[in-house]
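J.: So that we are looking at the same thing, I have put the structure below in structure tokens.
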Amino acid sequence: TDTGGTISGRGLGAGSGDGGLIDFADRFLRLNGAVVERHDTGLDTLVPRQLQAILNTGEYIRISNKAAQGRKHDGHEGHQEYYEINYGSPVLDRMVEAAMQKVPLLSCGLEFHYIKSGGFKRLINDQFSFYGAVADVETIADITAGYLFVTCRYRAVSDEQKEGLLEMVFNLDTKALVPDMAEMFKSAGCDIVFKKGGVNGELDILSDLFTPILSRTQKMLSDALAPFQISMNRRFKRDVGNLKEYYLSLEKEMKKNLEKPTLSGSAREDRKSKIDGLPAELKRKTDDLFKKYSIKVDVAPVAAMLIRTPAKKIVCKLLIGRKEKRIFLNYNPVIRAMEPLECAICAKSITHVHFNAGLKPVCFECARQGR
């Protein structure tokens, strides 16, 4: 994978009109192994067998911005199919769907003119609280740290639909989420050098991260969807209230009708049976409303960027009672702070650090539960 893959992922927005679509199709086809010859009128393409199955085309095709889809002719290159490309055309939809199945991946390096070189003990004391432990800086080393900047798309579906993007950064070494790094990346005060290629060796590491990435979006999703959830809850309560009011009025009216002297015995029994069934009917209607306003959320990574940056690795010695333990802390020049530790049990980012019986760093809740 190289930067071309990321450009393809943005191709639909790269240009205006048919030219932008032709550019996208050109890049998509080349990235997927097709041989493409570009002309003023479109693309003459030799499509590999695997891509033929994806696009549902023959081996020789011409993609054009002209209304020529479905026409065929026999030229000097053999039997050739013509396809018009525009918004909504089947061949474009298939290209977009195939492109979205792969997460576009960029690679970049950060170059800083200045990186903090001292004062780490004070910084650690300011940022961290080690409960039941005394910390001291033992060693400081210059390192090149690796991070994965991931953009995820979420879709929340209820009576309405809400979509959006989540951005987060993970340390490739610790697999820990680095809070605030995504927000501070663009204002980091460094030069960003994008690199072409050079990420294939990292793909196994990146694939290992995608499962924990999705599991750690819960807090961010909760914050992003809070107004949407409040709105759905308010509508649910409103509709349930109206429903209860309707059935209460219906019950009163039906009971009043029972007092009519002209009502026959069989009709009276039928009305009583219907009145007895009203609570069950109300419950069914309430359950239907609950399903209507329940929120289903899908989250998927849509883009990733591998970041390499100079950083500092600090070996911190901890005295925990009579025992001694060493932990590794990272100074991150992007956030200009120490990265938080990760709870060994629940993977929550922590700066208030407790230690369990195995001397592993844990959050307050896990420590309280004795985990």
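Residue names in the structure tokens use chain letters A, B, ... in the order shown, residue numbers from 1 in each chain, and ligand numbers from 1 in the order shown.
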Skipping near chain neighbours, those fewer than 2 positions away, what residues fall within 10 Å of Ile140 in chain A using only C-alpha atoms, listed as a PDB file with C-alpha atoms, in the first residue's frame?
T.:
```pdb
ATOM      1  CA  SER A 117      15.580  17.317  26.853  1.00  0.00           C
ATOM      2  CA  GLY A 118      15.284  17.769  30.626  1.00  0.00           C
ATOM      3  CA  PHE A 120      11.203  14.989  33.132  1.00  0.00           C
ATOM      4  CA  VAL A 137      13.818   8.851  36.860  1.00  0.00           C
ATOM      5  CA  GLU A 138      16.555   6.329  36.133  1.00  0.00           C
ATOM      6  CA  ASP A 142      16.270   9.267  22.465  1.00  0.00           C
ATOM      7  CA  ILE A 143      13.960   7.056  20.421  1.00  0.00           C
ATOM      8  CA  LYS A 312      12.017  10.394  24.644  1.00  0.00           C
ATOM      9  CA  LYS A 313      11.837   7.093  26.505  1.00  0.00           C
ATOM     10  CA  ILE A 314      12.104   7.442  30.282  1.00  0.00           C
ATOM     11  CA  VAL A 315      12.860   4.463  32.510  1.00  0.00           C
ATOM     12  CA  CYS A 316      11.143   5.184  35.813  1.00  0.00           C
ATOM     13  CA  PHE A 328       8.669   2.878  30.724  1.00  0.00           C
ATOM     14  CA  LEU A 329       7.159   6.279  30.030  1.00  0.00           C
ATOM     15  CA  ASN A 330       7.128   8.175  26.738  1.00  0.00           C
ATOM     16  CA  TYR A 331       7.551  11.899  26.304  1.00  0.00           C
TER      17      TYR A 331
END
```
J.: Can you pull out every residue within 6 Å of Tyr60 in chain A, counting only C-alpha atoms, but drop anything in the same chain fewer than 6 positions away, and send it as a list in words?
T.: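 Once the nearby chain positions are removed, what remains is Thr45, Leu46 and Gln80 of chain A.
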J.: Since we have the selection now, will you write its residues out, keeping N, CA and C atoms, as a PDB file, in the first residue's frame?
T.:
```
ATOM      1  N   THR A  45      -8.867   0.163 -21.080  1.00  0.00           N
ATOM      2  CA  THR A  45      -8.378  -0.583 -19.930  1.00  0.00           C
ATOM      3  C   THR A  45      -8.370  -2.078 -20.188  1.00  0.00           C
ATOM      4  N   LEU A  46      -7.244  -2.710 -19.796  1.00  0.00           N
ATOM      5  CA  LEU A  46      -7.141  -4.164 -19.755  1.00  0.00           C
ATOM      6  C   LEU A  46      -7.342  -4.572 -18.292  1.00  0.00           C
ATOM      7  N   GLN A  80     -14.504  -4.959 -27.104  1.00  0.00           N
ATOM      8  CA  GLN A  80     -14.378  -3.943 -26.059  1.00  0.00           C
ATOM      9  C   GLN A  80     -15.744  -3.464 -25.601  1.00  0.00           C
TER      10      GLN A  80
END
```
J.: Quick one: residues within 7 Å of range 107-113 of chain A, only C-alpha atoms, excluding same-chain residues fewer than 4 positions away - as a PyMOL selection string?
T.: chain A and resi 190-196+199+305-309
J.: Restricted to N, CA and C atoms, what would the selected residues look like written as an mmCIF file, in the first residue's frame?
T.:
```
data_model
loop_
_atom_site.group_PDB
_atom_site.id
_atom_site.type_symbol
_atom_site.label_atom_id
_atom_site.label_comp_id
_atom_site.auth_asym_id
_atom_site.auth_seq_id
_atom_site.Cartn_x
_atom_site.Cartn_y
_atom_site.Cartn_z
ATOM 1 N N CYS A 190 5.801 21.285 13.896
ATOM 2 C CA CYS A 190 6.858 20.471 13.282
ATOM 3 C C CYS A 190 6.623 20.391 11.787
ATOM 4 N N ASP A 191 7.627 19.896 11.077
ATOM 5 C CA ASP A 191 7.494 19.638 9.645
ATOM 6 C C ASP A 191 7.001 18.207 9.455
ATOM 7 N N ILE A 192 5.988 18.047 8.607
ATOM 8 C CA ILE A 192 5.428 16.723 8.331
ATOM 9 C C ILE A 192 5.906 16.285 6.949
ATOM 10 N N VAL A 193 6.656 15.210 6.897
ATOM 11 C CA VAL A 193 7.208 14.704 5.641
ATOM 12 C C VAL A 193 6.477 13.419 5.281
ATOM 13 N N PHE A 194 5.658 13.480 4.248
ATOM 14 C CA PHE A 194 4.917 12.295 3.830
ATOM 15 C C PHE A 194 5.821 11.389 2.996
ATOM 16 N N LYS A 195 5.681 10.101 3.231
ATOM 17 C CA LYS A 195 6.538 9.124 2.563
ATOM 18 C C LYS A 195 5.679 8.217 1.707
ATOM 19 N N LYS A 196 6.266 7.801 0.584
ATOM 20 C CA LYS A 196 5.563 6.889 -0.306
ATOM 21 C C LYS A 196 6.061 5.484 -0.031
ATOM 22 N N VAL A 199 5.413 0.956 4.252
ATOM 23 C CA VAL A 199 4.535 0.579 5.350
ATOM 24 C C VAL A 199 4.142 -0.894 5.313
ATOM 25 N N MET A 305 -2.972 6.530 9.239
ATOM 26 C CA MET A 305 -1.685 7.137 8.912
ATOM 27 C C MET A 305 -0.642 6.674 9.932
ATOM 28 N N LEU A 306 0.441 6.124 9.414
ATOM 29 C CA LEU A 306 1.551 5.701 10.248
ATOM 30 C C LEU A 306 2.479 6.890 10.466
ATOM 31 N N ILE A 307 2.747 7.214 11.721
ATOM 32 C CA ILE A 307 3.555 8.384 12.071
ATOM 33 C C ILE A 307 4.831 7.930 12.773
ATOM 34 N N ARG A 308 5.965 8.421 12.308
ATOM 35 C CA ARG A 308 7.239 8.214 12.984
ATOM 36 C C ARG A 308 7.743 9.568 13.463
ATOM 37 N N THR A 309 8.124 9.634 14.729
ATOM 38 C CA THR A 309 8.574 10.907 15.281
ATOM 39 C C THR A 309 9.651 10.685 16.327
#
```
J.: Name the residues in contact with Val91 in chain A at a cut-off of 9 Å, using only C-alpha atoms, excluding same-chain residues fewer than 6 positions from it; report them as a list in words.
T.: Leu55, Asn56, Thr57, Tyr83, Glu84 and Ile85 of chain A
J.: Using only C-alpha atoms, determine which residues lie at most 12 Å from range 267-271 of chain A, disregarding the query and same-chain residues fewer than 3 positions distant; provide the list as a list of chain:residue names.
T.: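 What passes the distance filter is A:Leu250, A:Glu251, A:Lys252, A:Glu253, A:Met254, A:Lys255, A:Lys256, A:Asn257, A:Leu258, A:Glu259, A:Lys260, A:Pro261, A:Thr262, A:Leu263, A:Ser264, A:Lys274, A:Ile275, A:Asp276, A:Gly277, A:Leu278.
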J.: I need the residues of range 62-250 of chain A that end up classed as alpha helix (DSSP H) by DSSP on the backbone, written out as an MDAnalysis selection string.
T.: chainID A and resid 90:100 120:127 181:184 203:215 218:250
